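Visitor: This is the structure I have questions about; it appears just below.
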Amino acid sequence: MTVPMAKFFLLSFKVIMLCLAVDAVFEDQVGKFDWRQQYVGNVRFAHFDAHLQSSKKVILATEKNVFAAVNTRTGELFWRHVDKNGPEGNINALLHHGQDAVLVVGNGRILRSWDINVGGLNWEIVLDSGSFQAASFVGQQDTVKNVAVLKKTALSLHYLSNGHQKWIENLPDGETVDYQFVYSGGTGEVYVLGVLPHSHIAIVTYSVDDGEIIKQVSVEAPWLSNIQSSCAMVSQGILMCMDTLSTSLYMLDVHAQTQMTQIPLESLGLHVAPDFLPVLVSAQPNPSRRPLSEFLLQLSPDHYLLLQLNNGQIVTLRDFKPAMLASFATTGDKTVVAVMSPKNKTACSVNLFSAETGRRLLDTTLNVNIDPNSGKPEKLYVQTFLKKDDSVGYRVMLQTEDHTLSFLQQPGRVVWTREESLSDVVTMEMVDLPLTGTQAELEGEFGKKAAIQDGLMSMVLKRLSSQLILLQAWVAHLWKLFYDARKPHSQVKNDVSIETLSRDEFNLQKMMVMVTASGKLFGIDSKTGTILWRHYLENIPSNAAFKLMVQRTTAHFPHPPQCTLLIKDKDTGLTTLHVFNPIFGKKSHVAPPALPQPILQSLMLPLMDQDYAKVLLLVDDQYKVSAFPSTKNVLQQLQEMASSIFFYLVDSIQGRLSGYRLRTDLSTELIWEVVIPTEIQTIVSVKGKRPNEHVHSQGRVMGDRSVLYKYLNPNLLAVVTESTDMHQERSFIGILLIDGVSGRIIHEVVQRKARGPVHVVHSENWVVYEYWSTKSRRNEFSVIELYEGMELYNSTVFSSLDRPHAPQVLQQSYIFPSSISTMEATLTEKGITSRHLLIGLPSGGILSLPKMFLDPRRPEIISEQSREENLIPYAPELIIRTEWFVNYNQTVSRVRGIYTAPSGLESTCLVVAYGLDIYQTRVYPSKQFDVLKDDYDYMLISSVLFALFFATMISKRLAEVKLLNRAWR
Amino acid sequence: MKPLISLKATFISFIVSFVCIKIAWCNNGRRVSDAQDAEFSDFSVPLEHSFEVDDVGRFRVRGALLLKAGRESGVSLSQNHLTQDDRIKLKDVASVDGLYRIRVPRVSLQADRQMERHMEGYLTAFVRACAMVESHLSDVITLHTDLSGTLIGISIVTLPGACTGTDVEDEVDLELFNTTLSVMAPVNAPGPETALFLERMEQESEKKGKNPQEQKSFFAKYWYLILGGAIFLMASNSAQPPAGGGREQS
């Protein structure tokens, strides 16, 4: 290589770098085209910060291993800490006292204390191993100084101030007795209660000061199996237990007694609902004092009782029936019970009752409207405060089945709502918004049916009336502009509601239909992130798989758009369909077919019925096909098309891929079979191409002006396999490119010494995959590109049945400096714009990596031709450039999926990243080549135009005069 | 020598896909047998085909795949003639746009591993019967194996592959199969080419090292020009009367 060449290499590299689109946003564009919503997940523990009267915090610990504080005035996050995913970061317990919140994390592995004012970590200590049972504050003389953590075999006491261990003691008979409960009543003793199921209760009393065992008692209780679920500590160390078999309460003074006292519920005049496990709830407002002597007993799903233990006698203070939820709350020295009772079908009311007397407090009614599109109330968290006149005021936070938190205040105003199910989005689609009413009117006027039926005169009238409507709308628009212009800019709010929704000029605003794991569907405006509709599907199995399909888009006015959600129980394979309108969220009147058989495969055909709904084919386990919608028209079309409808099934357990062809009687026939032996490798994923993808250019122009044609097989599947042998020398991943129609294996490649998880993107004529290289211990990308060669076999149409020549395969691999969470390719309207890969990183960044860098034709040695083609010289490492992050500082936590959708502008691709957070933005892979810049100088260009125009006019005139003069001469 | 290798390496990915296709023995009804391998038990598996007007699979033997034992695994194919009845039937199937299907049992291509495990089931593939007829029974059958040499798939294409509707003289053209048989094993994917890249970088830096002029900084290279320029500037400044500056300002 000569010196000038090396120089040129560097120079060309620089030029290419400069030429590449810089995706970074300008400072004034922040938040203009993008938004982020942060979620915490379904709440497991919630405490109101009560140490200051003016405090407006509620601290939440969730099932997503998130610990956060939410502003009770606005519902926004004060701060949030996202722990590790999975059991390692699982929050077992949350204790809250004053400014400190103590968390037990990871099955008792870590004890942490947080300052809830700022969300800073006070201290963190690693506990000894052993599975976590319970934790509790331990107080003495009205101050809380210690935290007790009960493990399977040991009890440890820690200082609240610094986390240091005060003492740790092994529990006696730890192998046999199941210790489940730790209790301290502020007396200088810690009680640990364990149970030997169906035999006895073991009570061990420790001294707080040195951990010495003061007393050890064993009490007969052959009916008891679990203390945590059936017992509660009441009053001065009285253990109250519920026996469901004999329907009686058992009472035991842990200080003194060695025998339990039985109190049958019948003797109190109470009856338990059949098939219901009664629940005891007690309250200990201050951990350094004894619990209250009042407690709640739930006897049936809608029946609560407030009971009091008075000198060994149980007294019924109040009977709440019907009552959906009840809970204690304390402020100052007053403890109240909040009870939620149903009023009618759509409304409930919450009332406060004094815990001591059971009397209803005046003016404490709060009305709750139950949204029919949300689930049943599940939990009630009450924030109480003392008003100026020393009466108790309160607000409630209501948690419903669909993981929604709503915060209400008297007399029933919803202060805020958090849709926490959006922290677990499973799948989504973006649907075009409909036309406005006036546009729709015009569409209707010139619909083909109308023109035939009506005569000339009525058409003219129609035309006039629609023009009038347009005029009216324009005047209204002008008036609004005029009206808004007088107001200061900040006050002009453009409220988004379903009624005002309409498609914008470039179709940049769309409806995001999101399906969450809890079974709640959302319609979100992509421009602002406003939730426009929500719909909760009840009875969704916990292991359901979802597939969302758009059957009819908004393009077919007056037919409403239609989406179909396929919900499949993974265990049984039984499937239900939910058909709805994606713009309004309403369930469609179209009745979905009943599907008694498990469904193996579903496929959307490009066929449409007479109402422009695409046909959905469902294949059941008998290999019979049913169509939805299944009108006569559809069945007829299917019969005509049957011989060209193919589908494939994947059975990853048996490693079998099989292809079927549809017959005219809607049965199927097996036409090809590929079997990958499961002893060696297992099928991990199968990726086809996106059906709405367009490829603009058929080939690539080479340096010598010849064309290398792409192998654009729309039926191509990328099958990813992983080896069963996980030894790092022998493990491998395999990529199999199979034609989904003919079953022909186009290419088979094996990446040795590699391991999953494999992330794949399959588009156009390329497959990009990412894997972990066990040999070099790093993440690597590999790209496979397929080319037909220098000439096309059949340039007019592609048929899988008639492509005898195997494509040329090029492949290249690169090192990637980070692991990745998910990967997707950008998508644009016509496919002219160059492609980028959007890579979700575990750090929360969304990286937009130009596909140009993943090109197997990148030359190792630059030649004249490769320079002509603008190929970047090969470098083994892909560098992460900070300006490639499309979400600048808007970290998206635990990103699980990225969805891309084309917009009406060819340059623009809409991107939604979802995980714990949801982030929406736009990307311009080839810059905004079809949009004028924001700072485009209209004045200059128009003044230049006018000036030139007048200059030509004047000079023309002058020339005429001159010619005339010359003619006279 | 080394740059040569790197030159070649650019084309490796082009060539790799062709190298891996081991073209096996192909013939038309002729058996190839090797005397040396005869003592190992050569393993043969049937290649079956089916073409029915009602598209129900009724598979009959079309030929036999002969798997060679020993280290060098090879496959050869011996095929039967198409009988008169079959020829008529094939044309009938072609006229209703039926399918011509083939299948092989799931086996390992390494004949010595045959006895180790027995797998059930078949691998099937198809072409349109009309394509079979119009190509005069000239087809390309590819056997795909996994890393261990087990068959995972079979594919069949005809050359030419299209159905144009041309009529075929049955007697002569539809008697003998003209089959190209190949075995395709998975290709090893290339890893990142760090070694070559580093080598190239080293070479570049070496070349820079050899040529000390390249190493010189901007000032070292052009000191005389800069100096000359500076002297010229100073000289012109001192030569110009200060009044000149004043005139410019006014």
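Chain labels run A, B, ... following the order of the structure tokens; each chain numbers its residues from 1, and ligands are numbered from 1 in the order shown.
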What residues in chain A lie within 8 Å of chain B, counting only C-alpha atoms, written as a PyMOL selection string?

Guide: chain A and resi 1+3+6+671-677+742-745+747-752+780+782+801-804+808-815+859-861+874-877

Visitor: What's the 9 Å shell around segment 238-244 of chain A, counting only C-alpha atoms, without same-chain residues fewer than 4 positions away, as an NGL selection string?

Guide: :A and (223-224 or 227 or 230-234 or 248-255 or 272 or 276-280 or 293)

Visitor: To one decimal in Å, tell me the separation between atom CA of Phe798 of chain A and atom CA of Asn713 of chain A.

Guide: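 Interatomic distance here is 7.1 Å.
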
Visitor: If I take atom CA of Glu220 of chain A and atom CA of Ala154 of chain A, how far is one from the other in Å, to one decimal?

Guide: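 Atom CA of Ala154 of chain A lies 23.0 Å from atom CA of Glu220 of chain A.
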
Visitor: To test your reading of the structure, identify every residue in segment 35-249 of chain B that backbone DSSP assigns to strand (DSSP E), and report it as a PyMOL selection string.

Guide: chain B and resi 43-50+60-67+75-79+99-105+122-128+138-145+151-158+178-184+187-188

Visitor: Go ahead and write the residues just picked, C-alpha atoms, as an mmCIF file, in the first residue's frame.

Guide:
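Result file is out_18.cif:
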data_model
loop_
_atom_site.group_PDB
_atom_site.id
_atom_site.type_symbol
_atom_site.label_atom_id
_atom_site.label_comp_id
_atom_site.auth_asym_id
_atom_site.auth_seq_id
_atom_site.Cartn_x
_atom_site.Cartn_y
_atom_site.Cartn_z
ATOM 1 C CA PHE B 43 -25.761 -47.719 3.403
ATOM 2 C CA SER B 44 -28.566 -46.989 1.066
ATOM 3 C CA VAL B 45 -31.742 -45.118 1.751
ATOM 4 C CA PRO B 46 -34.669 -44.869 -0.601
ATOM 5 C CA LEU B 47 -35.535 -41.641 -2.355
ATOM 6 C CA GLU B 48 -39.265 -41.689 -2.865
ATOM 7 C CA HIS B 49 -41.559 -39.555 -4.936
ATOM 8 C CA SER B 50 -45.263 -38.989 -5.180
ATOM 9 C CA ARG B 60 -43.103 -44.860 -4.407
ATOM 10 C CA VAL B 61 -39.418 -45.522 -4.786
ATOM 11 C CA ARG B 62 -37.719 -43.231 -7.264
ATOM 12 C CA GLY B 63 -34.183 -44.310 -6.593
ATOM 13 C CA ALA B 64 -31.707 -44.955 -3.860
ATOM 14 C CA LEU B 65 -29.256 -42.694 -2.127
ATOM 15 C CA LEU B 66 -26.044 -44.556 -1.523
ATOM 16 C CA LEU B 67 -24.212 -43.287 1.506
ATOM 17 C CA VAL B 75 -23.554 -39.654 -1.537
ATOM 18 C CA SER B 76 -24.482 -41.062 -4.851
ATOM 19 C CA LEU B 77 -27.854 -41.607 -6.376
ATOM 20 C CA SER B 78 -29.132 -44.392 -8.520
ATOM 21 C CA GLN B 79 -32.507 -43.871 -10.076
ATOM 22 C CA LEU B 99 -47.320 -31.138 -6.974
ATOM 23 C CA TYR B 100 -44.437 -33.475 -7.495
ATOM 24 C CA ARG B 101 -43.074 -34.428 -4.086
ATOM 25 C CA ILE B 102 -40.011 -36.271 -2.939
ATOM 26 C CA ARG B 103 -38.974 -37.515 0.449
ATOM 27 C CA VAL B 104 -36.072 -39.199 2.180
ATOM 28 C CA PRO B 105 -35.980 -40.730 5.631
ATOM 29 C CA TYR B 122 -39.142 -38.107 6.649
ATOM 30 C CA LEU B 123 -37.916 -34.933 5.093
ATOM 31 C CA THR B 124 -40.073 -33.793 2.246
ATOM 32 C CA ALA B 125 -39.881 -31.231 -0.499
ATOM 33 C CA PHE B 126 -41.858 -30.437 -3.620
ATOM 34 C CA VAL B 127 -41.888 -28.754 -6.997
ATOM 35 C CA ARG B 128 -44.781 -28.082 -9.267
ATOM 36 C CA SER B 138 -33.848 -32.345 -15.057
ATOM 37 C CA ASP B 139 -33.764 -31.407 -11.434
ATOM 38 C CA VAL B 140 -31.303 -30.341 -8.758
ATOM 39 C CA ILE B 141 -31.653 -32.110 -5.439
ATOM 40 C CA THR B 142 -29.773 -30.716 -2.481
ATOM 41 C CA LEU B 143 -29.368 -32.527 0.802
ATOM 42 C CA HIS B 144 -28.807 -30.245 3.760
ATOM 43 C CA THR B 145 -27.033 -31.527 6.841
ATOM 44 C CA LEU B 151 -29.888 -34.693 7.240
ATOM 45 C CA ILE B 152 -32.147 -31.829 8.205
ATOM 46 C CA GLY B 153 -33.715 -30.980 4.904
ATOM 47 C CA ILE B 154 -33.974 -31.770 1.246
ATOM 48 C CA SER B 155 -34.762 -29.376 -1.534
ATOM 49 C CA ILE B 156 -35.595 -29.874 -5.147
ATOM 50 C CA VAL B 157 -35.641 -27.348 -7.960
ATOM 51 C CA THR B 158 -35.943 -27.883 -11.674
ATOM 52 C CA ASN B 178 -31.268 -35.853 -15.210
ATOM 53 C CA THR B 179 -30.408 -35.138 -11.631
ATOM 54 C CA THR B 180 -27.693 -33.060 -10.057
ATOM 55 C CA LEU B 181 -27.251 -34.120 -6.454
ATOM 56 C CA SER B 182 -25.355 -32.049 -3.967
ATOM 57 C CA VAL B 183 -24.821 -32.076 -0.235
ATOM 58 C CA MET B 184 -24.713 -28.835 1.663
ATOM 59 C CA VAL B 187 -20.957 -22.784 6.481
ATOM 60 C CA ASN B 188 -18.772 -21.482 9.252
#
